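Reading through the C-alpha cells given below for one structure.
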Amino acid sequence: MIKYNMEFHWNNDTIEYFKKRDKPGCEGQYWREVWDFVKHNCDLEDGETYEMLANNLISKVNQL
C-alpha cells in the first residue's frame, strides 16, 4: 500500500452533506456519490488522483 502525505481541505458543508448520505446498507451508492462529486467538482493538482480525493473525503466524513 502506498501512503501519500497530502493534505486536502474540504468545505464543512460538503462533509456534513456526505455524513447524512452515509447510511448502513447503502455503501455502494454512497461511494458512487462521493466519486461523482470529486470527479465533477474537484480539480486535480500535481500527483493527485480522484481516488485519493474520494478516500480522503470519506475519511473526513468518518471522523465526525
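Letters A, B, ... go to the chains of the C-alpha cells in the order shown; residues in each chain start at 1; ligands are counted from 1 in the same order.
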For this session: With a distance cut-off of 9 Å and only C-alpha atoms, select the neighbouring residues of range 26-43 of chain A, excluding the residue or stretch itself and same-chain residues fewer than 2 positions from it, and output the selection as a VMD selection string.
Result: chain A and resid 18 21 to 24 45 50 to 51 53 to 55 57 to 58
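In this model, the gap between CA of Asp46 in chain A and CA of Lys60 in chain A comes to 21.3 Å.
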Just list the residues in chain A DSSP gives alpha helix (DSSP H) on the backbone, as an mmCIF file with C-alpha atoms, in the first residue's frame.
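Below is the file result-v8.cif, written as the result:
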```
data_model
loop_
_atom_site.group_PDB
_atom_site.id
_atom_site.type_symbol
_atom_site.label_atom_id
_atom_site.label_comp_id
_atom_site.auth_asym_id
_atom_site.auth_seq_id
_atom_site.Cartn_x
_atom_site.Cartn_y
_atom_site.Cartn_z
ATOM 1 C CA ASN A 12 -17.727 21.763 6.192
ATOM 2 C CA ASP A 13 -20.994 21.727 4.236
ATOM 3 C CA THR A 14 -19.571 19.048 1.946
ATOM 4 C CA ILE A 15 -18.527 16.877 4.885
ATOM 5 C CA GLU A 16 -21.921 17.318 6.571
ATOM 6 C CA TYR A 17 -23.751 16.503 3.332
ATOM 7 C CA PHE A 18 -21.889 13.242 2.841
ATOM 8 C CA LYS A 19 -22.248 12.349 6.528
ATOM 9 C CA LYS A 20 -26.021 12.432 6.014
ATOM 10 C CA ARG A 21 -25.707 10.346 2.827
ATOM 11 C CA GLU A 27 -22.293 1.795 0.850
ATOM 12 C CA GLY A 28 -22.149 1.272 -2.907
ATOM 13 C CA GLN A 29 -24.436 4.201 -3.636
ATOM 14 C CA TYR A 30 -22.559 6.356 -1.096
ATOM 15 C CA TRP A 31 -19.189 5.586 -2.729
ATOM 16 C CA ARG A 32 -20.597 6.389 -6.176
ATOM 17 C CA GLU A 33 -21.929 9.731 -4.929
ATOM 18 C CA VAL A 34 -18.556 10.628 -3.404
ATOM 19 C CA TRP A 35 -16.777 9.522 -6.588
ATOM 20 C CA ASP A 36 -19.134 11.567 -8.799
ATOM 21 C CA PHE A 37 -18.663 14.597 -6.547
ATOM 22 C CA VAL A 38 -14.856 14.568 -6.684
ATOM 23 C CA LYS A 39 -14.843 13.763 -10.394
ATOM 24 C CA HIS A 40 -17.144 16.673 -11.305
ATOM 25 C CA ASN A 41 -16.356 19.268 -8.629
ATOM 26 C CA TYR A 50 -9.598 11.190 -7.888
ATOM 27 C CA GLU A 51 -9.220 8.053 -5.795
ATOM 28 C CA MET A 52 -7.012 9.929 -3.317
ATOM 29 C CA LEU A 53 -9.581 12.710 -3.053
ATOM 30 C CA ALA A 54 -12.521 10.315 -2.638
ATOM 31 C CA ASN A 55 -10.710 8.269 0.017
ATOM 32 C CA ASN A 56 -9.745 11.416 1.898
ATOM 33 C CA LEU A 57 -13.276 12.805 1.799
ATOM 34 C CA ILE A 58 -14.685 9.511 3.106
ATOM 35 C CA SER A 59 -12.050 9.523 5.851
ATOM 36 C CA LYS A 60 -13.008 13.076 6.894
ATOM 37 C CA VAL A 61 -16.697 12.130 6.941
ATOM 38 C CA ASN A 62 -15.937 9.098 9.126
ATOM 39 C CA GLN A 63 -14.027 11.283 11.604
#
```
